[in-house]
$ cat upload-v9.pdb   # PDB, C-alpha atoms and all ligand atoms
ATOM      1  CA  MET G  52      36.280 -71.748 -40.026  1.00  0.00           C
ATOM      2  CA  LYS G  53      34.719 -74.908 -41.423  1.00  0.00           C
ATOM      3  CA  LYS G  54      31.656 -76.203 -39.612  1.00  0.00           C
ATOM      4  CA  THR G  55      32.911 -79.751 -39.121  1.00  0.00           C
ATOM      5  CA  GLY G  56      31.002 -80.319 -35.867  1.00  0.00           C
ATOM      6  CA  THR G  57      31.684 -82.989 -33.244  1.00  0.00           C
ATOM      7  CA  LYS G  58      33.439 -85.690 -35.277  1.00  0.00           C
ATOM      8  CA  ARG G  59      34.758 -88.885 -33.713  1.00  0.00           C
ATOM      9  CA  LEU G  60      38.459 -88.563 -32.826  1.00  0.00           C
ATOM     10  CA  GLU G  61      40.795 -91.313 -31.678  1.00  0.00           C
ATOM     11  CA  THR G  62      44.050 -91.303 -29.720  1.00  0.00           C
ATOM     12  CA  ASP G  63      46.189 -94.084 -28.242  1.00  0.00           C
ATOM     13  CA  ARG G  64      44.030 -94.453 -25.131  1.00  0.00           C
ATOM     14  CA  LEU G  65      40.888 -92.477 -25.922  1.00  0.00           C
ATOM     15  CA  ILE G  66      37.867 -92.196 -28.142  1.00  0.00           C
ATOM     16  CA  LEU G  67      36.339 -88.742 -28.346  1.00  0.00           C
ATOM     17  CA  ARG G  68      32.753 -88.946 -29.549  1.00  0.00           C
ATOM     18  CA  ARG G  69      29.327 -87.349 -29.265  1.00  0.00           C
ATOM     19  CA  PHE G  70      27.467 -87.738 -25.991  1.00  0.00           C
ATOM     20  CA  THR G  71      24.236 -89.714 -25.981  1.00  0.00           C
ATOM     21  CA  VAL G  72      21.470 -89.761 -23.370  1.00  0.00           C
ATOM     22  CA  GLY G  73      22.706 -93.267 -22.527  1.00  0.00           C
ATOM     23  CA  ASP G  74      25.827 -91.674 -20.973  1.00  0.00           C
ATOM     24  CA  ALA G  75      23.776 -90.093 -18.166  1.00  0.00           C
ATOM     25  CA  GLU G  76      24.549 -92.688 -15.448  1.00  0.00           C
ATOM     26  CA  ASP G  77      28.304 -92.736 -16.187  1.00  0.00           C
ATOM     27  CA  MET G  78      28.544 -88.968 -16.443  1.00  0.00           C
ATOM     28  CA  TYR G  79      26.610 -88.430 -13.223  1.00  0.00           C
ATOM     29  CA  ARG G  80      28.505 -91.073 -11.257  1.00  0.00           C
ATOM     30  CA  ASN G  81      31.990 -90.413 -12.676  1.00  0.00           C
ATOM     31  CA  TRP G  82      32.206 -86.634 -12.522  1.00  0.00           C
ATOM     32  CA  ALA G  83      29.008 -84.528 -12.644  1.00  0.00           C
ATOM     33  CA  SER G  84      28.118 -85.366  -9.019  1.00  0.00           C
ATOM     34  CA  ASP G  85      31.657 -84.835  -7.647  1.00  0.00           C
ATOM     35  CA  PRO G  86      32.285 -81.479  -5.894  1.00  0.00           C
ATOM     36  CA  GLU G  87      36.058 -82.016  -6.268  1.00  0.00           C
ATOM     37  CA  VAL G  88      35.629 -82.028 -10.057  1.00  0.00           C
ATOM     38  CA  THR G  89      33.323 -78.996 -10.145  1.00  0.00           C
ATOM     39  CA  ARG G  90      35.353 -76.990  -7.616  1.00  0.00           C
ATOM     40  CA  PHE G  91      36.859 -74.670 -10.246  1.00  0.00           C
ATOM     41  CA  LEU G  92      34.000 -74.963 -12.758  1.00  0.00           C
ATOM     42  CA  THR G  93      31.113 -72.607 -13.436  1.00  0.00           C
ATOM     43  CA  TRP G  94      28.315 -75.200 -13.100  1.00  0.00           C
ATOM     44  CA  PRO G  95      27.129 -76.825  -9.857  1.00  0.00           C
ATOM     45  CA  CYS G  96      27.126 -80.584  -9.225  1.00  0.00           C
ATOM     46  CA  HIS G  97      24.099 -82.301 -10.733  1.00  0.00           C
ATOM     47  CA  ALA G  98      21.399 -83.262  -8.240  1.00  0.00           C
ATOM     48  CA  SER G  99      20.585 -86.596  -9.917  1.00  0.00           C
ATOM     49  CA  ALA G 100      21.293 -88.757 -12.968  1.00  0.00           C
ATOM     50  CA  LYS G 101      17.896 -87.533 -14.214  1.00  0.00           C
ATOM     51  CA  ALA G 102      19.241 -83.967 -14.277  1.00  0.00           C
ATOM     52  CA  THR G 103      22.287 -85.234 -16.199  1.00  0.00           C
ATOM     53  CA  ALA G 104      19.994 -86.997 -18.699  1.00  0.00           C
ATOM     54  CA  ALA G 105      18.020 -83.778 -19.275  1.00  0.00           C
ATOM     55  CA  LEU G 106      21.249 -81.909 -20.027  1.00  0.00           C
ATOM     56  CA  LEU G 107      22.410 -84.656 -22.406  1.00  0.00           C
ATOM     57  CA  GLU G 108      19.075 -84.446 -24.239  1.00  0.00           C
ATOM     58  CA  SER G 109      19.653 -80.752 -24.853  1.00  0.00           C
ATOM     59  CA  TRP G 110      23.220 -81.458 -26.040  1.00  0.00           C
ATOM     60  CA  ALA G 111      21.978 -84.178 -28.421  1.00  0.00           C
ATOM     61  CA  GLU G 112      19.733 -81.628 -30.135  1.00  0.00           C
ATOM     62  CA  GLN G 113      22.723 -79.375 -30.845  1.00  0.00           C
ATOM     63  CA  TYR G 114      24.913 -81.939 -32.623  1.00  0.00           C
ATOM     64  CA  GLY G 115      23.281 -81.052 -35.959  1.00  0.00           C
ATOM     65  CA  ASP G 116      25.027 -77.682 -35.765  1.00  0.00           C
ATOM     66  CA  GLY G 117      28.488 -77.817 -37.360  1.00  0.00           C
ATOM     67  CA  ALA G 118      29.685 -75.078 -35.031  1.00  0.00           C
ATOM     68  CA  TYR G 119      28.937 -77.250 -31.975  1.00  0.00           C
ATOM     69  CA  PHE G 120      31.965 -79.097 -30.602  1.00  0.00           C
ATOM     70  CA  ASN G 121      31.316 -81.167 -27.466  1.00  0.00           C
ATOM     71  CA  TRP G 122      33.072 -84.498 -26.994  1.00  0.00           C
ATOM     72  CA  ALA G 123      32.571 -87.294 -24.481  1.00  0.00           C
ATOM     73  CA  ILE G 124      35.950 -88.766 -23.500  1.00  0.00           C
ATOM     74  CA  GLU G 125      35.775 -92.550 -23.537  1.00  0.00           C
ATOM     75  CA  LEU G 126      38.598 -94.712 -22.201  1.00  0.00           C
ATOM     76  CA  ARG G 127      39.312 -97.521 -24.707  1.00  0.00           C
ATOM     77  CA  GLU G 128      40.484 -99.819 -21.909  1.00  0.00           C
ATOM     78  CA  THR G 129      37.135 -99.844 -20.091  1.00  0.00           C
ATOM     79  CA  CYS G 130      34.709 -98.327 -22.670  1.00  0.00           C
ATOM     80  CA  SER G 131      33.474 -96.003 -19.918  1.00  0.00           C
ATOM     81  CA  VAL G 132      32.855 -92.288 -20.307  1.00  0.00           C
ATOM     82  CA  ILE G 133      35.286 -90.447 -18.056  1.00  0.00           C
ATOM     83  CA  GLY G 134      34.986 -86.788 -18.929  1.00  0.00           C
ATOM     84  CA  SER G 135      34.220 -84.097 -21.456  1.00  0.00           C
ATOM     85  CA  ILE G 136      36.031 -81.590 -23.628  1.00  0.00           C
ATOM     86  CA  SER G 137      34.246 -78.906 -25.600  1.00  0.00           C
ATOM     87  CA  VAL G 138      34.410 -75.557 -27.335  1.00  0.00           C
ATOM     88  CA  VAL G 139      32.772 -73.234 -24.828  1.00  0.00           C
ATOM     89  CA  ARG G 140      33.029 -70.127 -27.002  1.00  0.00           C
ATOM     90  CA  LEU G 141      33.613 -69.509 -30.696  1.00  0.00           C
ATOM     91  CA  GLU G 142      34.795 -66.139 -31.939  1.00  0.00           C
ATOM     92  CA  GLU G 143      34.218 -66.527 -35.641  1.00  0.00           C
ATOM     93  CA  ALA G 144      35.417 -62.994 -36.491  1.00  0.00           C
ATOM     94  CA  VAL G 145      38.953 -63.950 -35.426  1.00  0.00           C
ATOM     95  CA  ASN G 146      38.637 -67.689 -36.074  1.00  0.00           C
ATOM     96  CA  ALA G 147      39.217 -68.545 -32.399  1.00  0.00           C
ATOM     97  CA  ALA G 148      37.837 -71.301 -30.165  1.00  0.00           C
ATOM     98  CA  GLU G 149      37.898 -71.425 -26.369  1.00  0.00           C
ATOM     99  CA  ILE G 150      38.153 -74.906 -24.836  1.00  0.00           C
ATOM    100  CA  GLY G 151      36.819 -76.235 -21.518  1.00  0.00           C
ATOM    101  CA  TYR G 152      37.292 -79.715 -20.039  1.00  0.00           C
ATOM    102  CA  CYS G 153      36.809 -81.947 -17.012  1.00  0.00           C
ATOM    103  CA  LEU G 154      37.705 -85.487 -16.051  1.00  0.00           C
ATOM    104  CA  CYS G 155      36.545 -87.962 -13.412  1.00  0.00           C
ATOM    105  CA  ARG G 156      38.739 -87.977 -10.314  1.00  0.00           C
ATOM    106  CA  ALA G 157      39.739 -91.647 -10.642  1.00  0.00           C
ATOM    107  CA  CYS G 158      41.525 -90.790 -13.911  1.00  0.00           C
ATOM    108  CA  TRP G 159      43.489 -87.751 -12.786  1.00  0.00           C
ATOM    109  CA  GLY G 160      47.283 -87.750 -13.079  1.00  0.00           C
ATOM    110  CA  ARG G 161      47.609 -90.116 -16.071  1.00  0.00           C
ATOM    111  CA  GLY G 162      48.069 -87.505 -18.796  1.00  0.00           C
ATOM    112  CA  ILE G 163      44.603 -88.190 -20.170  1.00  0.00           C
ATOM    113  CA  MET G 164      43.426 -84.604 -20.573  1.00  0.00           C
ATOM    114  CA  PRO G 165      46.595 -83.423 -22.347  1.00  0.00           C
ATOM    115  CA  GLU G 166      46.069 -86.326 -24.791  1.00  0.00           C
ATOM    116  CA  ALA G 167      42.424 -85.333 -25.375  1.00  0.00           C
ATOM    117  CA  LEU G 168      43.243 -81.628 -25.655  1.00  0.00           C
ATOM    118  CA  ARG G 169      45.979 -82.225 -28.239  1.00  0.00           C
ATOM    119  CA  ALA G 170      43.580 -84.306 -30.360  1.00  0.00           C
ATOM    120  CA  VAL G 171      40.911 -81.590 -30.178  1.00  0.00           C
ATOM    121  CA  MET G 172      43.442 -78.863 -31.025  1.00  0.00           C
ATOM    122  CA  ASP G 173      44.673 -80.837 -34.053  1.00  0.00           C
ATOM    123  CA  HIS G 174      41.082 -81.339 -35.234  1.00  0.00           C
ATOM    124  CA  LEU G 175      40.199 -77.659 -34.816  1.00  0.00           C
ATOM    125  CA  PHE G 176      43.359 -76.490 -36.606  1.00  0.00           C
ATOM    126  CA  ASP G 177      43.490 -79.088 -39.391  1.00  0.00           C
ATOM    127  CA  GLU G 178      39.835 -79.912 -40.089  1.00  0.00           C
ATOM    128  CA  ALA G 179      37.828 -76.937 -38.814  1.00  0.00           C
ATOM    129  CA  ASP G 180      40.388 -74.333 -39.990  1.00  0.00           C
ATOM    130  CA  ILE G 181      40.431 -72.598 -36.616  1.00  0.00           C
ATOM    131  CA  ASN G 182      43.459 -70.313 -36.234  1.00  0.00           C
ATOM    132  CA  ARG G 183      43.577 -69.809 -32.464  1.00  0.00           C
ATOM    133  CA  VAL G 184      42.715 -72.130 -29.599  1.00  0.00           C
ATOM    134  CA  VAL G 185      42.505 -70.529 -26.166  1.00  0.00           C
ATOM    135  CA  ALA G 186      41.805 -71.792 -22.642  1.00  0.00           C
ATOM    136  CA  TYR G 187      41.545 -70.177 -19.221  1.00  0.00           C
ATOM    137  CA  HIS G 188      41.966 -71.548 -15.727  1.00  0.00           C
ATOM    138  CA  ASP G 189      41.478 -70.231 -12.197  1.00  0.00           C
ATOM    139  CA  ALA G 190      44.888 -69.154 -10.857  1.00  0.00           C
ATOM    140  CA  ASN G 191      44.209 -71.467  -7.895  1.00  0.00           C
ATOM    141  CA  ASN G 192      43.946 -74.442 -10.269  1.00  0.00           C
ATOM    142  CA  PRO G 193      47.486 -74.582 -11.758  1.00  0.00           C
ATOM    143  CA  LYS G 194      47.050 -78.286 -12.591  1.00  0.00           C
ATOM    144  CA  SER G 195      44.797 -77.212 -15.460  1.00  0.00           C
ATOM    145  CA  GLY G 196      47.510 -74.805 -16.673  1.00  0.00           C
ATOM    146  CA  ARG G 197      49.887 -77.758 -16.758  1.00  0.00           C
ATOM    147  CA  VAL G 198      47.439 -79.592 -19.047  1.00  0.00           C
ATOM    148  CA  MET G 199      47.479 -76.590 -21.395  1.00  0.00           C
ATOM    149  CA  GLN G 200      51.303 -76.482 -21.361  1.00  0.00           C
ATOM    150  CA  LYS G 201      51.572 -80.208 -22.004  1.00  0.00           C
ATOM    151  CA  ALA G 202      49.242 -79.871 -25.006  1.00  0.00           C
ATOM    152  CA  GLY G 203      51.510 -77.176 -26.460  1.00  0.00           C
ATOM    153  CA  MET G 204      49.717 -73.972 -25.461  1.00  0.00           C
ATOM    154  CA  LYS G 205      51.659 -70.895 -24.391  1.00  0.00           C
ATOM    155  CA  TYR G 206      50.984 -68.671 -21.369  1.00  0.00           C
ATOM    156  CA  GLU G 207      49.589 -65.302 -22.519  1.00  0.00           C
ATOM    157  CA  GLY G 208      48.801 -63.518 -19.265  1.00  0.00           C
ATOM    158  CA  THR G 209      46.562 -63.358 -16.220  1.00  0.00           C
ATOM    159  CA  HIS G 210      43.296 -61.406 -16.148  1.00  0.00           C
ATOM    160  CA  ARG G 211      42.843 -60.243 -12.573  1.00  0.00           C
ATOM    161  CA  GLN G 212      39.454 -60.948 -10.954  1.00  0.00           C
ATOM    162  CA  ALA G 213      37.994 -61.628 -14.409  1.00  0.00           C
ATOM    163  CA  GLY G 214      36.314 -64.968 -13.767  1.00  0.00           C
ATOM    164  CA  LYS G 215      33.648 -66.449 -11.528  1.00  0.00           C
ATOM    165  CA  ASN G 216      33.246 -70.110 -10.663  1.00  0.00           C
ATOM    166  CA  ASN G 217      31.895 -72.233  -7.798  1.00  0.00           C
ATOM    167  CA  ARG G 218      34.490 -70.715  -5.452  1.00  0.00           C
ATOM    168  CA  GLY G 219      33.637 -67.089  -6.332  1.00  0.00           C
ATOM    169  CA  ILE G 220      35.567 -64.396  -8.227  1.00  0.00           C
ATOM    170  CA  CYS G 221      38.994 -65.504  -9.452  1.00  0.00           C
ATOM    171  CA  ASP G 222      42.017 -64.468 -11.485  1.00  0.00           C
ATOM    172  CA  LEU G 223      41.939 -66.115 -14.932  1.00  0.00           C
ATOM    173  CA  VAL G 224      45.158 -67.450 -16.424  1.00  0.00           C
ATOM    174  CA  CYS G 225      45.155 -67.500 -20.223  1.00  0.00           C
ATOM    175  CA  TYR G 226      46.928 -70.003 -22.478  1.00  0.00           C
ATOM    176  CA  ALA G 227      46.653 -70.225 -26.270  1.00  0.00           C
ATOM    177  CA  ALA G 228      48.075 -71.841 -29.382  1.00  0.00           C
ATOM    178  CA  LEU G 229      47.979 -70.774 -33.025  1.00  0.00           C
ATOM    179  CA  ARG G 230      47.600 -73.081 -36.023  1.00  0.00           C
ATOM    180  CA  GLY G 231      51.090 -72.143 -37.189  1.00  0.00           C
ATOM    181  CA  ASP G 232      52.791 -72.836 -33.853  1.00  0.00           C
ATOM    182  CA  PRO G 233      55.110 -75.845 -33.631  1.00  0.00           C
ATOM    183  CA  ARG G 234      53.148 -78.987 -32.694  1.00  0.00           C
ATOM    184  CA  ILE G 235      54.269 -81.187 -29.805  1.00  0.00           C
TER     185      ILE G 235
HETATM  186  C1  LIG B 301      42.609 -80.393 -14.481  1.00  0.00           C
HETATM  187  C2  LIG B 301      42.413 -81.807 -15.027  1.00  0.00           C
HETATM  188  C3  LIG B 301      41.664 -81.720 -16.360  1.00  0.00           C
HETATM  189  C4  LIG B 301      43.782 -82.457 -15.240  1.00  0.00           C
HETATM  190  O1  LIG B 301      43.674 -83.593 -16.077  1.00  0.00           O
HETATM  191  P1  LIG B 301      44.702 -84.809 -15.956  1.00  0.00           P
HETATM  192  O2  LIG B 301      44.434 -85.723 -17.091  1.00  0.00           O
HETATM  193  O3  LIG B 301      44.651 -85.365 -14.586  1.00  0.00           O
HETATM  194  O4  LIG B 301      46.106 -84.050 -16.160  1.00  0.00           O
HETATM  195  P2  LIG B 301      47.581 -84.670 -16.007  1.00  0.00           P
HETATM  196  O5  LIG B 301      47.540 -86.149 -15.879  1.00  0.00           O
HETATM  197  O6  LIG B 301      48.404 -84.039 -17.071  1.00  0.00           O
HETATM  198  O7  LIG B 301      48.074 -84.167 -14.593  1.00  0.00           O
HETATM  199  C5  LIG B 301      48.130 -82.858 -14.251  1.00  0.00           C
HETATM  200  C6  LIG B 301      49.542 -82.248 -14.349  1.00  0.00           C
HETATM  201  O8  LIG B 301      49.517 -81.128 -13.462  1.00  0.00           O
HETATM  202  C7  LIG B 301      50.567 -81.257 -12.515  1.00  0.00           C
HETATM  203  N1  LIG B 301      50.110 -80.656 -11.273  1.00  0.00           N
HETATM  204  C8  LIG B 301      49.384 -81.217 -10.282  1.00  0.00           C
HETATM  205  N2  LIG B 301      49.200 -80.320  -9.301  1.00  0.00           N
HETATM  206  C9  LIG B 301      49.821 -79.174  -9.693  1.00  0.00           C
HETATM  207  C10 LIG B 301      50.008 -77.888  -9.091  1.00  0.00           C
HETATM  208  N3  LIG B 301      49.466 -77.607  -7.924  1.00  0.00           N
HETATM  209  N4  LIG B 301      50.705 -76.973  -9.792  1.00  0.00           N
HETATM  210  C11 LIG B 301      51.225 -77.246 -11.017  1.00  0.00           C
HETATM  211  N5  LIG B 301      51.096 -78.434 -11.626  1.00  0.00           N
HETATM  212  C12 LIG B 301      50.405 -79.384 -10.953  1.00  0.00           C
HETATM  213  C13 LIG B 301      50.847 -82.738 -12.428  1.00  0.00           C
HETATM  214  O9  LIG B 301      52.135 -82.966 -11.890  1.00  0.00           O
HETATM  215  C14 LIG B 301      50.702 -83.133 -13.893  1.00  0.00           C
HETATM  216  O10 LIG B 301      51.825 -82.689 -14.644  1.00  0.00           O
HETATM  217  P3  LIG B 301      53.101 -83.650 -14.989  1.00  0.00           P
HETATM  218  O11 LIG B 301      52.559 -84.757 -15.831  1.00  0.00           O
HETATM  219  O12 LIG B 301      54.045 -82.763 -15.711  1.00  0.00           O
HETATM  220  O13 LIG B 301      53.632 -84.146 -13.665  1.00  0.00           O
HETATM  221  C15 LIG B 301      41.601 -82.697 -14.031  1.00  0.00           C
HETATM  222  O14 LIG B 301      42.278 -82.681 -12.801  1.00  0.00           O
HETATM  223  C16 LIG B 301      40.178 -82.222 -13.833  1.00  0.00           C
HETATM  224  O15 LIG B 301      39.287 -82.593 -14.585  1.00  0.00           O
HETATM  225  N6  LIG B 301      39.936 -81.391 -12.803  1.00  0.00           N
HETATM  226  C17 LIG B 301      38.598 -80.930 -12.468  1.00  0.00           C
HETATM  227  C18 LIG B 301      37.973 -80.046 -13.547  1.00  0.00           C
HETATM  228  C19 LIG B 301      38.864 -78.873 -13.912  1.00  0.00           C
HETATM  229  O16 LIG B 301      39.517 -78.269 -13.067  1.00  0.00           O
HETATM  230  N7  LIG B 301      38.864 -78.544 -15.219  1.00  0.00           N
HETATM  231  C20 LIG B 301      39.656 -77.460 -15.738  1.00  0.00           C
HETATM  232  C21 LIG B 301      38.951 -76.168 -15.595  1.00  0.00           C
HETATM  233  S1  LIG B 301      39.924 -74.852 -16.323  1.00  0.00           S
END

$ encode --input "upload-v9.pdb" --output "structure tokens"
Amino acid sequence: MKKTGTKRLETDRLILRRFTVGDAEDMYRNWASDPEVTRFLTWPCHASAKATAALLESWAEQYGDGAYFNWAIELRETCSVIGSISVVRLEEAVNAAEIGYCLCRACWGRGIMPEALRAVMDHLFDEADINRVVAYHDANNPKSGRVMQKAGMKYEGTHRQAGKNNRGICDLVCYAALRGDPRI
């Protein structure tokens, strides 16, 4: 892989960029404090915007690392930060990146995350020379699987009782795409 890091990416409706500490209020209000958003995630809701700011400070320190990929999703229309998409695990030996994402509830159902995911996949394949992009979702959260399908990933199987999130132990559904797969 090439250590390209979190570069600014643009799509029709979105700007994907580095987080700054100044995003704390938006991030806290829009999604980090919402139990509906964190329902199938591994981290608990933030207790305050101060807690969000502390997390963003630690993220800011990591942006110097070219193997760190963590984008804020900004809606062009409103300039507000509405979610995040990141590489949650890199397996350099096989040139693979695992993606995680979340979006504020007010923006659900508009095809925003498939648009962000496709842009991130294209960047990882074409700029960072990643060969395999993989993502997992709780079997009880099929909406996230639909995002993966819409971005061009293929279903690879279900790992029974292999994951743990805020709801407890869950089956993990795996989707992936390879650099050489047809693009959508
Ligand atoms: C999952 C999430 C990222 C979806 O993002 P989004 O931008 O709203 O996605 P979309 O607009 O493409 O809408 C979801 C798609 O799932 C479909 N869908 C909704 N409920 C569904 C269900 N129960 N089963 C299957 N598909 C479903 C919708 O119909 C839509 O597909 P369509 O456009 O073909 O009709 C967003 O809801 C979210 O952030 N959720 C909370 C955090 C989370 O779960 N993250 C993923 C962890 S793996």

$ atom_distance --input "upload-v9.pdb" --atom1 "CA of Arg234 in chain G" --atom2 "CA of Glu149 in chain G"
18.2 Å

$ residues_around --input "upload-v9.pdb" --residues "Asp85 in chain G" --least-positions-apart "5" --cutoff "12 Å" --atoms "only C-alpha atoms" --output "PyMOL selection string"
chain G and resi 78-80+90-92+94-99+134+153-157

$ closest_residue --input "upload-v9.pdb" --among "G:Glu125, G:Asn81, G:Lys54, G:Phe176" --to "Arg69 in chain G" --atoms "all atoms listed in the file"
G:Glu125

$ resolve_selection --input "upload-v9.pdb" --expression "the PyMOL selection byres (((not hetatm)) within 6 of (chain B and resi 301))" --output "list in words"
Val88, Thr89, Phe91, Leu92, Tyr152, Cys153, Leu154, Trp159, Gly160, Arg161, Gly162, Ile163, Met164, Pro165, Tyr187, His188, Pro193, Lys194, Ser195, Arg197 and Val198 of chain G

$ closest_atom_pairs --input "upload-v9.pdb" --of "range 84-120 of chain G" --to "range 70-74 of chain G" --cutoff "10 Å" --atoms "all atoms listed in the file" --output "JSON lines"
{"residue": "G:Ala100", "atom": "CA", "partner": "G:Asp74", "partner_atom": "CA", "distance": 9.7}
{"residue": "G:Thr103", "atom": "CA", "partner": "G:Val72", "partner_atom": "CA", "distance": 8.5}
{"residue": "G:Ala104", "atom": "CA", "partner": "G:Val72", "partner_atom": "CA", "distance": 5.6}
{"residue": "G:Ala105", "atom": "CA", "partner": "G:Val72", "partner_atom": "CA", "distance": 8.0}
{"residue": "G:Leu106", "atom": "CA", "partner": "G:Val72", "partner_atom": "CA", "distance": 8.5}
{"residue": "G:Leu107", "atom": "CA", "partner": "G:Val72", "partner_atom": "CA", "distance": 5.3}
{"residue": "G:Glu108", "atom": "CA", "partner": "G:Val72", "partner_atom": "CA", "distance": 5.9}
{"residue": "G:Ser109", "atom": "CA", "partner": "G:Val72", "partner_atom": "CA", "distance": 9.3}
{"residue": "G:Trp110", "atom": "CA", "partner": "G:Phe70", "partner_atom": "CA", "distance": 7.6}
{"residue": "G:Ala111", "atom": "CA", "partner": "G:Thr71", "partner_atom": "CA", "distance": 6.5}
{"residue": "G:Tyr114", "atom": "CA", "partner": "G:Phe70", "partner_atom": "CA", "distance": 9.2}

$ atom_distance --input "upload-v9.pdb" --atom1 "CA of Thr209 in chain G" --atom2 "CA of Ala228 in chain G"
15.7 Å

$ closest_residue --input "upload-v9.pdb" --among "G:Lys101, G:Arg64, G:Arg59, G:Lys53" --to "Asn121 in chain G" --atoms "only C-alpha atoms"
G:Arg59

$ atom_distance --input "upload-v9.pdb" --atom1 "CA of Met172 in chain G" --atom2 "CA of Asp232 in chain G"
11.5 Å

$ resolve_selection --input "upload-v9.pdb" --expression "the PyMOL selection byres (((chain G and resi 206) around 9) and not hetatm)" --output "list in words"
Gly196, Met199, Gln200, Met204, Lys205, Glu207, Gly208, Thr209, Val224, Cys225, Tyr226 and Ala227 of chain G

$ residues_around --input "upload-v9.pdb" --residues "Ala179 in chain G" --least-positions-apart "3" --cutoff "10 Å" --atoms "all atoms listed in the file" --output "compact mmCIF listing (two decimals) with C-alpha atoms, keeping the file's coordinate frame"
# COMPACT_ATOMS: atom_id res chain seq x y z
CA MET G 52 36.28 -71.75 -40.03
CA LYS G 53 34.72 -74.91 -41.42
CA LYS G 54 31.66 -76.20 -39.61
CA THR G 55 32.91 -79.75 -39.12
CA GLY G 56 31.00 -80.32 -35.87
CA GLY G 117 28.49 -77.82 -37.36
CA ALA G 118 29.68 -75.08 -35.03
CA ASN G 146 38.64 -67.69 -36.07
CA MET G 172 43.44 -78.86 -31.02
CA ASP G 173 44.67 -80.84 -34.05
CA HIS G 174 41.08 -81.34 -35.23
CA LEU G 175 40.20 -77.66 -34.82
CA PHE G 176 43.36 -76.49 -36.61
CA ASN G 182 43.46 -70.31 -36.23

$ decode --input "upload-v9.pdb" --residues "range 199-212 of chain G" --atoms "N, CA and C atoms" --output "short mmCIF file (atom, residue, chain, number, x, y, z; two decimals), in the first residue's frame"
data_model
loop_
_atom_site.label_atom_id
_atom_site.label_comp_id
_atom_site.auth_asym_id
_atom_site.auth_seq_id
_atom_site.Cartn_x
_atom_site.Cartn_y
_atom_site.Cartn_z
N MET G 199 -23.32 -1.28 1.59
CA MET G 199 -22.16 -1.98 1.02
C MET G 199 -22.47 -2.46 -0.40
N GLN G 200 -23.69 -3.04 -0.57
CA GLN G 200 -24.10 -3.49 -1.92
C GLN G 200 -24.13 -2.32 -2.90
N LYS G 201 -24.72 -1.21 -2.46
CA LYS G 201 -24.88 -0.07 -3.36
C LYS G 201 -23.53 0.54 -3.75
N ALA G 202 -22.51 0.34 -2.89
CA ALA G 202 -21.18 0.85 -3.21
C ALA G 202 -20.38 -0.15 -4.06
N GLY G 203 -20.99 -1.31 -4.33
CA GLY G 203 -20.32 -2.28 -5.21
C GLY G 203 -19.61 -3.41 -4.50
N MET G 204 -19.84 -3.58 -3.20
CA MET G 204 -19.22 -4.70 -2.50
C MET G 204 -20.07 -5.96 -2.67
N LYS G 205 -19.41 -7.10 -2.53
CA LYS G 205 -20.10 -8.39 -2.68
C LYS G 205 -20.18 -9.10 -1.33
N TYR G 206 -21.31 -9.77 -1.11
CA TYR G 206 -21.49 -10.57 0.12
C TYR G 206 -20.50 -11.74 0.13
N GLU G 207 -19.79 -11.93 1.24
CA GLU G 207 -18.81 -13.02 1.31
C GLU G 207 -19.17 -14.09 2.33
N GLY G 208 -20.10 -13.78 3.24
CA GLY G 208 -20.47 -14.79 4.23
C GLY G 208 -20.85 -14.15 5.55
N THR G 209 -21.31 -14.99 6.47
CA THR G 209 -21.72 -14.50 7.79
C THR G 209 -20.95 -15.27 8.86
N HIS G 210 -20.29 -14.51 9.73
CA HIS G 210 -19.51 -15.12 10.82
C HIS G 210 -20.42 -15.16 12.04
N ARG G 211 -20.80 -16.34 12.46
CA ARG G 211 -21.79 -16.47 13.53
C ARG G 211 -21.21 -16.08 14.88
N GLN G 212 -21.94 -15.24 15.60
CA GLN G 212 -21.59 -14.79 16.95
C GLN G 212 -20.13 -14.31 17.03
#
